[in-house]
Structures are given as structure tokens and as C-alpha cells.
Amino acid sequence: MRRILLKLSGEALAGEKKTGFDEETVRKVALQVKELVADGVQVGIVIGGGNFWRGRSSENIDRTKADQIGMLATVMNCIYVSEIFRSVGMMTNILTPFECGSFTKLFSKDRANKYFEKGMVVFFAGGTGHPYFSTDTGVVLRAIEVDAEVILLAKSIDGVYDDDPNKNPAAKKYDEVTIDEVIAKNLQVVDMTASILARDNKVPMWVFGLNEENSIVNTVKGKFNGTKVTV
């Protein structure tokens, strides 16, 4: 693979604490990405904000304001994770769809491509920059814009199931499923807006468990143990 976009769950980065960060978990991710970059893979990263805030779960705040708080949560996540990446010897940059002073740079495709060509890991924070769109939609949008070959979805579960495996022990895991099936069966790999955007722009997604040993490197190098969502 030449260029991938990795989506990390905010909750997964928090480890067992569920909120904030688990530095050891983030460091393990950083060392895996470092190995990929050393092999010449260009890596973009989107991080959810669920370890700090989920706008849709707030009933007492205007939805637009709640989503803005969520966007800022993803910026905080990217700043933190970017610094852990730098601590293990990688070059990074953070792009956002809105101005954040000197914390980040404003997103453009040309700027992202320039950073990729310099061997940097590029963090795409702030979602789409608009309310009512999740980081799922943000990751698919950025994958399309920067011509990523595949979206890697690193989750707290190890693939796509026909039911919630945490509630139904008999839930069946898919080795491969089409995006049309995902939409028709509402399998919730990503939200519906993101699913349709991926289908219409033919962006494949590979879903796997972040907590499995060396799972990111194994996925890129062909030792895949999750679910491939094909287009």
C-alpha cells in the first residue's frame, strides 16, 4: 500500500479508563505506524472524540454547540497522539478545516500531499468542520480528497458482526461484506452518511481490533484478521 487513512477510536485510545488517554496504548500505535512509515507507507490519521465528548448524547445543549465541542475533542486527541508519535521519532503535522491559531494548519489537499511526500504522518482533526457530521464522515471525506487506497478502521471489536457481539454471543462475524450489504442491513460499520459516501466514491474499508497484538502492521502487511468492506 502506498497511502492509507487510519481511523482510531477515541475510546480505544483511552484503554480501560474509557476517558482521557492511556499512554501505553497510544505508544504501541505509534511504534506500529513508525514501522509502516519506514517501509514507505504514507499514513493519514483521523481520531474520534468519544474519550472526551459525544455531542449526540447531550440533551441539554444545542446540537450545533455540542458538535463543536466534539470537534475540539478530536483536535485535543490529535495534538496528544501527534506528540507521542514525535517522541518515538516520527515527523507529524495536524490539519483542521478551521483555524486553531498556531495549534494546527488549515487543511488543503495540496498541503496534505506536501506533508505526505516529506514522510510525515498527517493528522486530520476537527471532522468536516460542520455540525451534524461525524468523524466517520470526516474520515471518508479525507480519504477521498487525498486519494487514500483504503480506510483502516481500528475499533474496540475485531470486525463487523451481524449483531452486537457484546450483547449476543451468537453474533456472526463477516470476513468480507459489501458496502451495499452494510447499508441495507444497517451494520453500522460507519454511520449512514459515511457509508453512502464510501459507496458512491468506491472507498474500501477494513475493520479490525486495535487491541490485538501488532494489528495495524499485520493488517497492512496482509495478516488480516478483521472484516473487509468492499465496494
# chains A, B, ... in the order shown; residues from 1 in each chain; ligands from 1

$ residues_around --residues "Thr230 of chain A" --least-positions-apart "4" --cutoff "9 Å" --atoms "only C-alpha atoms" --output "PDB file with N, CA and C atoms, in the first residue's frame"
ATOM      1  N   GLU A 176     -15.849 -10.833   4.950  1.00  0.00           N
ATOM      2  CA  GLU A 176     -15.954  -9.821   3.892  1.00  0.00           C
ATOM      3  C   GLU A 176     -17.426  -9.490   3.696  1.00  0.00           C
ATOM      4  N   VAL A 177     -17.723  -8.237   3.462  1.00  0.00           N
ATOM      5  CA  VAL A 177     -19.092  -7.798   3.248  1.00  0.00           C
ATOM      6  C   VAL A 177     -19.051  -6.593   2.312  1.00  0.00           C
ATOM      7  N   THR A 178     -20.045  -6.452   1.459  1.00  0.00           N
ATOM      8  CA  THR A 178     -20.064  -5.311   0.549  1.00  0.00           C
ATOM      9  C   THR A 178     -20.655  -4.099   1.260  1.00  0.00           C
ATOM     10  N   ILE A 179     -20.298  -2.925   0.780  1.00  0.00           N
ATOM     11  CA  ILE A 179     -20.847  -1.705   1.363  1.00  0.00           C
ATOM     12  C   ILE A 179     -22.352  -1.638   1.156  1.00  0.00           C
ATOM     13  N   ASP A 180     -22.851  -2.221   0.061  1.00  0.00           N
ATOM     14  CA  ASP A 180     -24.300  -2.257  -0.160  1.00  0.00           C
ATOM     15  C   ASP A 180     -24.998  -3.077   0.928  1.00  0.00           C
ATOM     16  N   ARG A 199     -19.566   4.298  -0.554  1.00  0.00           N
ATOM     17  CA  ARG A 199     -20.091   3.531  -1.687  1.00  0.00           C
ATOM     18  C   ARG A 199     -20.004   4.324  -2.982  1.00  0.00           C
ATOM     19  N   LYS A 202     -16.394   4.649  -4.014  1.00  0.00           N
ATOM     20  CA  LYS A 202     -15.658   3.383  -4.096  1.00  0.00           C
ATOM     21  C   LYS A 202     -14.413   3.373  -3.186  1.00  0.00           C
ATOM     22  N   VAL A 203     -14.657   3.641  -1.919  1.00  0.00           N
ATOM     23  CA  VAL A 203     -13.580   3.628  -0.926  1.00  0.00           C
ATOM     24  C   VAL A 203     -13.730   2.378  -0.060  1.00  0.00           C
ATOM     25  N   PRO A 204     -12.824   1.408  -0.155  1.00  0.00           N
ATOM     26  CA  PRO A 204     -12.917   0.212   0.692  1.00  0.00           C
ATOM     27  C   PRO A 204     -12.533   0.518   2.133  1.00  0.00           C
ATOM     28  N   MET A 205     -13.093  -0.266   3.052  1.00  0.00           N
ATOM     29  CA  MET A 205     -12.783  -0.102   4.475  1.00  0.00           C
ATOM     30  C   MET A 205     -12.455  -1.461   5.081  1.00  0.00           C
ATOM     31  N   TRP A 206     -11.408  -1.503   5.865  1.00  0.00           N
ATOM     32  CA  TRP A 206     -11.026  -2.729   6.560  1.00  0.00           C
ATOM     33  C   TRP A 206     -11.181  -2.491   8.055  1.00  0.00           C
TER      34      TRP A 206
END

$ closest_atom_pairs --of "segment 182-227 of chain A" --to "segment 138-159 of chain A" --cutoff "9 Å" --atoms "only C-alpha atoms" --output "Markdown table"
| residue | atom | partner | partner_atom | distance |
| --- | --- | --- | --- | --- |
| A:Val189 | CA | A:Leu153 | CA | 8.7 |
| A:Ala194 | CA | A:Val140 | CA | 6.2 |
| A:Ser195 | CA | A:Val140 | CA | 8.4 |
| A:Leu197 | CA | A:Val140 | CA | 7.0 |
| A:Ala198 | CA | A:Val140 | CA | 6.2 |
| A:Asn201 | CA | A:Ile144 | CA | 7.2 |
| A:Lys202 | CA | A:Ile144 | CA | 8.9 |
| A:Val203 | CA | A:Val150 | CA | 6.3 |
| A:Pro204 | CA | A:Val150 | CA | 5.3 |
| A:Met205 | CA | A:Ile151 | CA | 4.7 |
| A:Trp206 | CA | A:Leu152 | CA | 5.0 |
| A:Val207 | CA | A:Leu153 | CA | 4.7 |
| A:Phe208 | CA | A:Asp158 | CA | 4.4 |
| A:Gly209 | CA | A:Asp158 | CA | 3.8 |
| A:Leu210 | CA | A:Ala154 | CA | 4.8 |
| A:Asn211 | CA | A:Ser156 | CA | 6.8 |
| A:Glu212 | CA | A:Asp158 | CA | 8.1 |
| A:Ser215 | CA | A:Ala154 | CA | 8.5 |
| A:Ile216 | CA | A:Ala154 | CA | 7.7 |
| A:Thr219 | CA | A:Leu152 | CA | 8.4 |
| A:Val220 | CA | A:Leu152 | CA | 8.8 |
| A:Asn225 | CA | A:Asp158 | CA | 7.5 |
| A:Gly226 | CA | A:Gly159 | CA | 4.6 |
| A:Thr227 | CA | A:Gly159 | CA | 4.9 |

$ residues_around --residues "Leu106 of chain A" --least-positions-apart "6" --cutoff "12 Å" --atoms "only C-alpha atoms" --output "number ranges by chain"
A: 93-100, 112, 123-126, 129

$ write_last_selection --atoms "N, CA and C atoms" --output "PDB file, in the first residue's frame"
ATOM      1  N   ASN A  93       2.183  16.369  11.326  1.00  0.00           N
ATOM      2  CA  ASN A  93       1.507  17.650  11.210  1.00  0.00           C
ATOM      3  C   ASN A  93       0.017  17.432  11.386  1.00  0.00           C
ATOM      4  N   ILE A  94      -0.665  18.449  11.893  1.00  0.00           N
ATOM      5  CA  ILE A  94      -2.102  18.361  12.147  1.00  0.00           C
ATOM      6  C   ILE A  94      -2.820  19.381  11.280  1.00  0.00           C
ATOM      7  N   LEU A  95      -3.815  18.906  10.539  1.00  0.00           N
ATOM      8  CA  LEU A  95      -4.613  19.770   9.674  1.00  0.00           C
ATOM      9  C   LEU A  95      -6.051  19.802  10.175  1.00  0.00           C
ATOM     10  N   THR A  96      -6.639  20.982  10.181  1.00  0.00           N
ATOM     11  CA  THR A  96      -8.037  21.146  10.584  1.00  0.00           C
ATOM     12  C   THR A  96      -8.783  21.955   9.532  1.00  0.00           C
ATOM     13  N   PRO A  97     -10.116  21.784   9.449  1.00  0.00           N
ATOM     14  CA  PRO A  97     -10.900  22.537   8.477  1.00  0.00           C
ATOM     15  C   PRO A  97     -11.253  23.946   8.955  1.00  0.00           C
ATOM     16  N   PHE A  98     -10.765  24.314  10.135  1.00  0.00           N
ATOM     17  CA  PHE A  98     -10.991  25.661  10.670  1.00  0.00           C
ATOM     18  C   PHE A  98      -9.708  26.105  11.376  1.00  0.00           C
ATOM     19  N   GLU A  99      -9.555  27.410  11.542  1.00  0.00           N
ATOM     20  CA  GLU A  99      -8.359  27.960  12.169  1.00  0.00           C
ATOM     21  C   GLU A  99      -8.309  27.608  13.651  1.00  0.00           C
ATOM     22  N   CYS A 100      -7.134  27.157  14.109  1.00  0.00           N
ATOM     23  CA  CYS A 100      -6.911  26.887  15.534  1.00  0.00           C
ATOM     24  C   CYS A 100      -5.658  27.619  16.011  1.00  0.00           C
ATOM     25  N   ALA A 112      -1.695  18.690   2.445  1.00  0.00           N
ATOM     26  CA  ALA A 112      -1.602  17.307   2.911  1.00  0.00           C
ATOM     27  C   ALA A 112      -0.631  16.508   2.049  1.00  0.00           C
ATOM     28  N   PHE A 123      -2.253  14.170  10.552  1.00  0.00           N
ATOM     29  CA  PHE A 123      -3.458  14.024  11.360  1.00  0.00           C
ATOM     30  C   PHE A 123      -4.528  14.969  10.831  1.00  0.00           C
ATOM     31  N   PHE A 124      -5.719  14.422  10.577  1.00  0.00           N
ATOM     32  CA  PHE A 124      -6.852  15.226  10.122  1.00  0.00           C
ATOM     33  C   PHE A 124      -7.816  15.374  11.293  1.00  0.00           C
ATOM     34  N   ALA A 125      -7.790  16.526  11.942  1.00  0.00           N
ATOM     35  CA  ALA A 125      -8.604  16.771  13.140  1.00  0.00           C
ATOM     36  C   ALA A 125      -9.786  17.668  12.796  1.00  0.00           C
ATOM     37  N   GLY A 126     -10.739  17.729  13.718  1.00  0.00           N
ATOM     38  CA  GLY A 126     -11.853  18.653  13.556  1.00  0.00           C
ATOM     39  C   GLY A 126     -12.980  18.175  12.672  1.00  0.00           C
ATOM     40  N   GLY A 129     -15.635  19.978   9.999  1.00  0.00           N
ATOM     41  CA  GLY A 129     -15.726  21.396  10.339  1.00  0.00           C
ATOM     42  C   GLY A 129     -17.149  21.889  10.478  1.00  0.00           C
TER      43      GLY A 129
END

$ select_by_dssp --residues "chain A" --states "strand (DSSP E or B)" --output "compact mmCIF listing (two decimals) with all heavy atoms, in the first residue's frame"
# COMPACT_ATOMS: atom_id res chain seq x y z
N ARG A 3 -0.67 4.66 0.28
CA ARG A 3 -1.24 5.66 1.18
C ARG A 3 -2.50 5.11 1.83
O ARG A 3 -3.41 4.64 1.15
CB ARG A 3 -1.58 6.95 0.43
CG ARG A 3 -2.14 8.05 1.31
CD ARG A 3 -2.38 9.33 0.52
NE ARG A 3 -1.12 9.91 0.07
CZ ARG A 3 -1.04 11.03 -0.67
NH1 ARG A 3 -2.15 11.66 -1.04
NH2 ARG A 3 0.13 11.50 -1.03
N ILE A 4 -2.56 5.17 3.15
CA ILE A 4 -3.71 4.67 3.90
C ILE A 4 -4.23 5.78 4.81
O ILE A 4 -3.51 6.72 5.17
CB ILE A 4 -3.35 3.43 4.74
CG1 ILE A 4 -2.31 3.79 5.82
CG2 ILE A 4 -2.86 2.29 3.88
CD1 ILE A 4 -2.04 2.68 6.82
N LEU A 5 -5.50 5.64 5.18
CA LEU A 5 -6.08 6.53 6.19
C LEU A 5 -6.55 5.66 7.35
O LEU A 5 -7.40 4.77 7.17
CB LEU A 5 -7.24 7.34 5.60
CG LEU A 5 -7.58 8.63 6.35
CD1 LEU A 5 -6.34 9.50 6.56
CD2 LEU A 5 -8.62 9.43 5.58
N LEU A 6 -5.99 5.91 8.51
CA LEU A 6 -6.26 5.11 9.70
C LEU A 6 -7.22 5.87 10.62
O LEU A 6 -6.94 7.01 11.00
CB LEU A 6 -4.94 4.82 10.44
CG LEU A 6 -5.01 4.12 11.79
CD1 LEU A 6 -5.58 2.72 11.66
CD2 LEU A 6 -3.61 4.07 12.42
N LYS A 7 -8.33 5.24 10.93
CA LYS A 7 -9.29 5.84 11.88
C LYS A 7 -9.13 5.14 13.22
O LYS A 7 -9.29 3.93 13.32
CB LYS A 7 -10.72 5.67 11.35
CG LYS A 7 -11.83 5.94 12.39
CD LYS A 7 -11.99 7.41 12.70
CE LYS A 7 -13.02 7.65 13.82
NZ LYS A 7 -14.36 7.14 13.54
N LEU A 8 -8.82 5.94 14.24
CA LEU A 8 -8.65 5.41 15.58
C LEU A 8 -9.82 5.84 16.45
O LEU A 8 -10.22 7.01 16.45
CB LEU A 8 -7.34 5.93 16.20
CG LEU A 8 -6.05 5.54 15.49
CD1 LEU A 8 -4.87 6.30 16.08
CD2 LEU A 8 -5.81 4.03 15.59
N GLN A 42 2.54 5.92 3.29
CA GLN A 42 2.10 7.24 3.72
C GLN A 42 0.84 7.07 4.56
O GLN A 42 -0.12 6.45 4.12
CB GLN A 42 1.84 8.14 2.52
CG GLN A 42 3.09 8.40 1.68
CD GLN A 42 2.80 9.16 0.41
OE1 GLN A 42 1.66 9.30 -0.01
NE2 GLN A 42 3.85 9.66 -0.22
N VAL A 43 0.87 7.63 5.78
CA VAL A 43 -0.20 7.38 6.75
C VAL A 43 -0.90 8.68 7.15
O VAL A 43 -0.26 9.61 7.65
CB VAL A 43 0.34 6.69 8.01
CG1 VAL A 43 -0.79 6.39 8.99
CG2 VAL A 43 1.09 5.41 7.65
N GLY A 44 -2.22 8.73 6.92
CA GLY A 44 -3.06 9.78 7.47
C GLY A 44 -3.88 9.20 8.60
O GLY A 44 -4.19 8.01 8.60
N ILE A 45 -4.21 10.03 9.58
CA ILE A 45 -4.92 9.54 10.76
C ILE A 45 -6.08 10.47 11.12
O ILE A 45 -5.92 11.69 11.14
CB ILE A 45 -3.96 9.41 11.96
CG1 ILE A 45 -2.91 8.32 11.69
CG2 ILE A 45 -4.73 9.08 13.25
CD1 ILE A 45 -1.91 8.11 12.80
N VAL A 46 -7.22 9.86 11.41
CA VAL A 46 -8.37 10.56 11.98
C VAL A 46 -8.67 9.89 13.32
O VAL A 46 -8.66 8.66 13.42
CB VAL A 46 -9.60 10.48 11.05
CG1 VAL A 46 -10.84 11.01 11.76
CG2 VAL A 46 -9.35 11.27 9.77
N ILE A 47 -8.94 10.70 14.34
CA ILE A 47 -9.24 10.16 15.67
C ILE A 47 -10.60 10.67 16.11
O ILE A 47 -10.90 11.85 16.00
CB ILE A 47 -8.17 10.59 16.70
CG1 ILE A 47 -6.77 10.22 16.21
CG2 ILE A 47 -8.45 9.93 18.06
CD1 ILE A 47 -5.66 10.71 17.11
N THR A 92 5.32 14.78 12.19
CA THR A 92 3.87 14.84 12.10
C THR A 92 3.41 16.26 11.80
O THR A 92 4.14 17.23 12.00
CB THR A 92 3.20 14.40 13.41
OG1 THR A 92 3.52 15.36 14.43
CG2 THR A 92 3.66 13.03 13.84
N ASN A 93 2.18 16.37 11.33
CA ASN A 93 1.51 17.65 11.21
C ASN A 93 0.02 17.43 11.39
O ASN A 93 -0.50 16.35 11.07
CB ASN A 93 1.79 18.32 9.87
CG ASN A 93 2.49 19.66 10.04
OD1 ASN A 93 1.99 20.51 10.78
ND2 ASN A 93 3.61 19.86 9.38
N ILE A 94 -0.66 18.45 11.89
CA ILE A 94 -2.10 18.36 12.15
C ILE A 94 -2.82 19.38 11.28
O ILE A 94 -2.48 20.57 11.28
CB ILE A 94 -2.42 18.63 13.63
CG1 ILE A 94 -1.63 17.69 14.54
CG2 ILE A 94 -3.93 18.48 13.88
CD1 ILE A 94 -1.71 18.06 16.00
N LEU A 95 -3.81 18.91 10.54
CA LEU A 95 -4.61 19.77 9.67
C LEU A 95 -6.05 19.80 10.18
O LEU A 95 -6.61 18.77 10.54
CB LEU A 95 -4.58 19.26 8.23
CG LEU A 95 -3.21 19.20 7.56
CD1 LEU A 95 -3.33 18.65 6.14
CD2 LEU A 95 -2.55 20.58 7.53
N THR A 96 -6.64 20.98 10.18
CA THR A 96 -8.04 21.15 10.58
C THR A 96 -8.78 21.96 9.53
O THR A 96 -8.17 22.75 8.80
CB THR A 96 -8.14 21.88 11.94
OG1 THR A 96 -7.33 23.07 11.90
CG2 THR A 96 -7.70 21.00 13.09
N CYS A 100 -7.13 27.16 14.11
CA CYS A 100 -6.91 26.89 15.53
C CYS A 100 -5.66 27.62 16.01
O CYS A 100 -4.82 27.06 16.71
CB CYS A 100 -6.76 25.39 15.79
SG CYS A 100 -8.27 24.44 15.67
N SER A 102 -2.07 28.77 16.31
CA SER A 102 -0.81 28.12 15.93
C SER A 102 -0.82 26.63 16.25
O SER A 102 0.18 25.94 16.04
CB SER A 102 0.36 28.79 16.65
OG SER A 102 0.20 28.68 18.06
N LYS A 105 -2.56 23.49 11.26
CA LYS A 105 -2.56 24.17 9.97
C LYS A 105 -3.92 23.95 9.31
O LYS A 105 -4.59 22.94 9.55
CB LYS A 105 -1.46 23.60 9.08
CG LYS A 105 -0.05 23.78 9.64
CD LYS A 105 0.40 25.22 9.58
CE LYS A 105 1.82 25.39 10.13
NZ LYS A 105 2.82 24.64 9.37
N LEU A 106 -4.32 24.88 8.46
CA LEU A 106 -5.60 24.78 7.78
C LEU A 106 -5.51 23.72 6.68
O LEU A 106 -4.55 23.68 5.90
CB LEU A 106 -5.98 26.13 7.17
CG LEU A 106 -7.44 26.32 6.76
CD1 LEU A 106 -8.37 26.17 7.96
CD2 LEU A 106 -7.63 27.69 6.11
N VAL A 121 3.53 11.88 9.08
CA VAL A 121 2.21 11.36 9.39
C VAL A 121 1.28 12.56 9.51
O VAL A 121 1.57 13.50 10.25
CB VAL A 121 2.21 10.55 10.69
CG1 VAL A 121 0.79 10.10 11.04
CG2 VAL A 121 3.14 9.35 10.58
N VAL A 122 0.18 12.53 8.77
CA VAL A 122 -0.73 13.68 8.74
C VAL A 122 -1.99 13.36 9.54
O VAL A 122 -2.69 12.39 9.24
CB VAL A 122 -1.10 14.06 7.29
CG1 VAL A 122 -1.97 15.31 7.29
CG2 VAL A 122 0.16 14.28 6.45
N PHE A 123 -2.25 14.17 10.55
CA PHE A 123 -3.46 14.02 11.36
C PHE A 123 -4.53 14.97 10.83
O PHE A 123 -4.28 16.16 10.66
CB PHE A 123 -3.17 14.36 12.82
CG PHE A 123 -2.35 13.32 13.53
CD1 PHE A 123 -0.96 13.33 13.43
CD2 PHE A 123 -2.95 12.34 14.32
CE1 PHE A 123 -0.19 12.37 14.08
CE2 PHE A 123 -2.18 11.39 14.97
CZ PHE A 123 -0.81 11.40 14.85
N PHE A 124 -5.72 14.42 10.58
CA PHE A 124 -6.85 15.23 10.12
C PHE A 124 -7.82 15.37 11.29
O PHE A 124 -8.56 14.45 11.62
CB PHE A 124 -7.54 14.56 8.93
CG PHE A 124 -6.63 14.38 7.74
CD1 PHE A 124 -6.13 13.14 7.42
CD2 PHE A 124 -6.28 15.46 6.95
CE1 PHE A 124 -5.29 12.97 6.33
CE2 PHE A 124 -5.44 15.31 5.85
CZ PHE A 124 -4.95 14.06 5.54
N VAL A 150 -7.19 2.86 1.00
CA VAL A 150 -8.10 2.12 1.88
C VAL A 150 -8.21 2.88 3.20
O VAL A 150 -7.28 3.59 3.60
CB VAL A 150 -7.59 0.68 2.11
CG1 VAL A 150 -6.28 0.67 2.87
CG2 VAL A 150 -8.64 -0.18 2.82
N ILE A 151 -9.36 2.73 3.83
CA ILE A 151 -9.54 3.23 5.19
C ILE A 151 -9.40 2.05 6.14
O ILE A 151 -10.07 1.02 5.98
CB ILE A 151 -10.93 3.87 5.38
CG1 ILE A 151 -11.07 5.13 4.51
CG2 ILE A 151 -11.16 4.23 6.84
CD1 ILE A 151 -12.48 5.70 4.48
N LEU A 152 -8.53 2.18 7.13
CA LEU A 152 -8.37 1.16 8.16
C LEU A 152 -9.11 1.63 9.41
O LEU A 152 -8.77 2.68 9.97
CB LEU A 152 -6.89 0.93 8.48
CG LEU A 152 -5.98 0.55 7.31
CD1 LEU A 152 -4.57 0.26 7.83
CD2 LEU A 152 -6.52 -0.65 6.55
N LEU A 153 -10.12 0.88 9.81
CA LEU A 153 -10.92 1.25 10.98
C LEU A 153 -10.50 0.40 12.17
O LEU A 153 -10.84 -0.78 12.26
CB LEU A 153 -12.41 1.04 10.69
CG LEU A 153 -13.01 1.88 9.55
CD1 LEU A 153 -14.44 1.44 9.25
CD2 LEU A 153 -12.98 3.36 9.89
N ALA A 154 -9.71 1.00 13.06
CA ALA A 154 -9.23 0.30 14.26
C ALA A 154 -10.23 0.51 15.39
O ALA A 154 -10.36 1.61 15.91
CB ALA A 154 -7.85 0.82 14.64
N LYS A 155 -10.93 -0.57 15.75
CA LYS A 155 -12.02 -0.45 16.70
C LYS A 155 -11.77 -1.28 17.96
O LYS A 155 -10.74 -1.98 18.07
CB LYS A 155 -13.33 -0.91 16.04
CG LYS A 155 -13.81 0.02 14.92
CD LYS A 155 -15.08 -0.53 14.28
CE LYS A 155 -15.71 0.47 13.33
NZ LYS A 155 -16.51 1.49 14.01
N VAL A 160 -16.71 -6.78 11.69
CA VAL A 160 -18.13 -6.46 11.51
C VAL A 160 -18.95 -7.71 11.81
O VAL A 160 -18.66 -8.79 11.29
CB VAL A 160 -18.41 -5.98 10.07
CG1 VAL A 160 -19.89 -5.64 9.90
CG2 VAL A 160 -17.54 -4.77 9.73
N TYR A 161 -19.98 -7.55 12.64
CA TYR A 161 -20.85 -8.66 13.03
C TYR A 161 -22.29 -8.38 12.59
O TYR A 161 -22.66 -7.22 12.37
CB TYR A 161 -20.81 -8.86 14.54
CG TYR A 161 -19.52 -9.44 15.06
CD1 TYR A 161 -18.38 -8.65 15.21
CD2 TYR A 161 -19.43 -10.78 15.43
CE1 TYR A 161 -17.19 -9.18 15.70
CE2 TYR A 161 -18.25 -11.32 15.93
CZ TYR A 161 -17.14 -10.52 16.05
OH TYR A 161 -15.96 -11.06 16.54
N LYS A 173 -19.54 -13.11 12.72
CA LYS A 173 -18.57 -12.15 12.18
C LYS A 173 -18.41 -12.37 10.67
O LYS A 173 -18.30 -13.49 10.20
CB LYS A 173 -17.21 -12.34 12.87
CG LYS A 173 -16.11 -11.42 12.35
CD LYS A 173 -14.80 -11.72 13.08
CE LYS A 173 -13.64 -10.99 12.44
NZ LYS A 173 -12.36 -11.34 13.11
N TYR A 174 -18.40 -11.29 9.93
CA TYR A 174 -18.16 -11.35 8.50
C TYR A 174 -16.66 -11.28 8.21
O TYR A 174 -15.95 -10.45 8.78
CB TYR A 174 -18.82 -10.17 7.78
CG TYR A 174 -20.33 -10.12 7.85
CD1 TYR A 174 -20.98 -9.39 8.84
CD2 TYR A 174 -21.11 -10.78 6.89
CE1 TYR A 174 -22.36 -9.33 8.89
CE2 TYR A 174 -22.49 -10.72 6.94
CZ TYR A 174 -23.11 -9.99 7.94
OH TYR A 174 -24.49 -9.92 7.99
N GLU A 176 -15.85 -10.83 4.95
CA GLU A 176 -15.95 -9.82 3.89
C GLU A 176 -17.43 -9.49 3.70
O GLU A 176 -18.29 -10.37 3.76
CB GLU A 176 -15.35 -10.35 2.59
CG GLU A 176 -15.22 -9.31 1.50
CD GLU A 176 -14.40 -9.82 0.31
OE1 GLU A 176 -13.23 -10.21 0.53
OE2 GLU A 176 -14.92 -9.83 -0.82
N VAL A 177 -17.72 -8.24 3.46
CA VAL A 177 -19.09 -7.80 3.25
C VAL A 177 -19.05 -6.59 2.31
O VAL A 177 -18.11 -5.81 2.35
CB VAL A 177 -19.77 -7.45 4.60
CG1 VAL A 177 -19.08 -6.28 5.29
CG2 VAL A 177 -21.24 -7.17 4.43
N THR A 178 -20.04 -6.45 1.46
CA THR A 178 -20.06 -5.31 0.55
C THR A 178 -20.65 -4.10 1.26
O THR A 178 -21.43 -4.23 2.21
CB THR A 178 -20.90 -5.60 -0.71
OG1 THR A 178 -22.28 -5.70 -0.34
CG2 THR A 178 -20.44 -6.88 -1.40
N MET A 205 -13.09 -0.27 3.05
CA MET A 205 -12.78 -0.10 4.47
C MET A 205 -12.46 -1.46 5.08
O MET A 205 -13.15 -2.44 4.81
CB MET A 205 -13.98 0.52 5.20
CG MET A 205 -14.30 1.94 4.77
SD MET A 205 -15.73 2.66 5.63
CE MET A 205 -17.08 1.83 4.79
N TRP A 206 -11.41 -1.50 5.87
CA TRP A 206 -11.03 -2.73 6.56
C TRP A 206 -11.18 -2.49 8.06
O TRP A 206 -10.60 -1.55 8.61
CB TRP A 206 -9.59 -3.12 6.24
CG TRP A 206 -9.36 -3.51 4.80
CD1 TRP A 206 -10.28 -3.46 3.78
CD2 TRP A 206 -8.15 -3.98 4.23
NE1 TRP A 206 -9.71 -3.89 2.61
CE2 TRP A 206 -8.40 -4.22 2.84
CE3 TRP A 206 -6.88 -4.24 4.73
CZ2 TRP A 206 -7.42 -4.69 1.98
CZ3 TRP A 206 -5.90 -4.71 3.87
CH2 TRP A 206 -6.18 -4.94 2.51
N VAL A 207 -11.96 -3.35 8.70
CA VAL A 207 -12.28 -3.19 10.12
C VAL A 207 -11.55 -4.26 10.93
O VAL A 207 -11.61 -5.44 10.60
CB VAL A 207 -13.80 -3.31 10.35
CG1 VAL A 207 -14.14 -3.00 11.80
CG2 VAL A 207 -14.58 -2.40 9.39
N PHE A 208 -10.88 -3.84 12.00
CA PHE A 208 -10.12 -4.80 12.81
C PHE A 208 -10.02 -4.28 14.24
O PHE A 208 -10.33 -3.12 14.54
CB PHE A 208 -8.73 -5.03 12.22
CG PHE A 208 -7.87 -3.79 12.17
CD1 PHE A 208 -6.96 -3.52 13.16
CD2 PHE A 208 -8.00 -2.89 11.12
CE1 PHE A 208 -6.18 -2.36 13.11
CE2 PHE A 208 -7.23 -1.74 11.05
CZ PHE A 208 -6.32 -1.48 12.05
N GLY A 209 -9.56 -5.14 15.14
CA GLY A 209 -9.44 -4.78 16.55
C GLY A 209 -8.12 -4.10 16.85
O GLY A 209 -7.05 -4.66 16.59
N THR A 227 -12.60 -7.65 9.10
CA THR A 227 -13.61 -7.71 8.06
C THR A 227 -13.28 -6.70 6.97
O THR A 227 -13.04 -5.53 7.27
CB THR A 227 -15.01 -7.40 8.62
OG1 THR A 227 -15.32 -8.30 9.67
CG2 THR A 227 -16.07 -7.48 7.53
N LYS A 228 -13.29 -7.17 5.74
CA LYS A 228 -13.10 -6.26 4.60
C LYS A 228 -14.46 -5.81 4.08
O LYS A 228 -15.31 -6.64 3.74
CB LYS A 228 -12.33 -6.94 3.48
CG LYS A 228 -10.87 -7.23 3.85
CD LYS A 228 -10.11 -7.82 2.67
CE LYS A 228 -8.64 -8.07 3.03
NZ LYS A 228 -7.87 -8.61 1.89
N VAL A 229 -14.65 -4.50 4.05
CA VAL A 229 -15.87 -3.93 3.48
C VAL A 229 -15.53 -3.49 2.04
O VAL A 229 -14.77 -2.55 1.84
CB VAL A 229 -16.39 -2.74 4.28
CG1 VAL A 229 -17.66 -2.15 3.66
CG2 VAL A 229 -16.65 -3.14 5.74
N THR A 230 -16.06 -4.22 1.08
CA THR A 230 -15.68 -4.00 -0.32
C THR A 230 -16.69 -3.10 -1.02
O THR A 230 -17.82 -2.91 -0.59
CB THR A 230 -15.60 -5.33 -1.06
OG1 THR A 230 -16.90 -5.96 -1.06
CG2 THR A 230 -14.60 -6.28 -0.42

$ closest_atom_pairs --of "segment 52-170 of chain A" --to "segment 26-39 of chain A" --cutoff "7 Å" --atoms "only C-alpha atoms" --output "JSON lines"
{"residue": "A:Val81", "atom": "CA", "partner": "A:Val26", "partner_atom": "CA", "distance": 6.7}
{"residue": "A:Ile84", "atom": "CA", "partner": "A:Arg27", "partner_atom": "CA", "distance": 6.4}
{"residue": "A:Phe85", "atom": "CA", "partner": "A:Ala30", "partner_atom": "CA", "distance": 5.2}
{"residue": "A:Met90", "atom": "CA", "partner": "A:Lys34", "partner_atom": "CA", "distance": 6.7}

$ residues_around --residues "Leu187 of chain A" --least-positions-apart "4" --cutoff "9 Å" --atoms "only C-alpha atoms" --output "PDB file with C-alpha atoms, in the first residue's frame"
ATOM      1  CA  VAL A 160     -18.128  -6.456  11.509  1.00  0.00           C
ATOM      2  CA  TYR A 161     -20.846  -8.663  13.026  1.00  0.00           C
ATOM      3  CA  ASP A 162     -24.482  -9.250  12.136  1.00  0.00           C
ATOM      4  CA  ASP A 163     -25.395  -8.249  15.706  1.00  0.00           C
ATOM      5  CA  GLU A 181     -24.937  -5.003   2.414  1.00  0.00           C
ATOM      6  CA  VAL A 182     -23.674  -2.722   5.184  1.00  0.00           C
ATOM      7  CA  ILE A 183     -26.182  -0.078   4.140  1.00  0.00           C
TER       8      ILE A 183
END

$ atom_distance --atom1 "atom CA of Thr64 of chain A" --atom2 "atom CA of Glu83 of chain A"
29.2 Å

$ residues_around --residues "Ala73 of chain A" --least-positions-apart "4" --cutoff "7 Å" --atoms "only C-alpha atoms" --output "list in words"
Gly49, Phe52, Trp53, Ile69 and Asn77 of chain A

$ select_by_dssp --residues "segment 55-93 of chain A" --states "alpha helix (DSSP H)" --output "ChimeraX atom specification"
/A:63-87

$ closest_residue --among "A:Lys114, A:Glu23, A:Ser134, A:Gly119" --to "Gly50 of chain A" --atoms "only C-alpha atoms"
A:Ser134

$ residues_around --residues "Leu13 of chain A" --least-positions-apart "4" --cutoff "8 Å" --atoms "only C-alpha atoms" --output "NGL selection string"
:A and (8-9 or 21-22 or 25-26 or 51)

$ closest_residue --among "A:Lys65, A:Lys118, A:Lys185, A:Lys109" --to "Met91 of chain A" --atoms "only C-alpha atoms"
A:Lys118
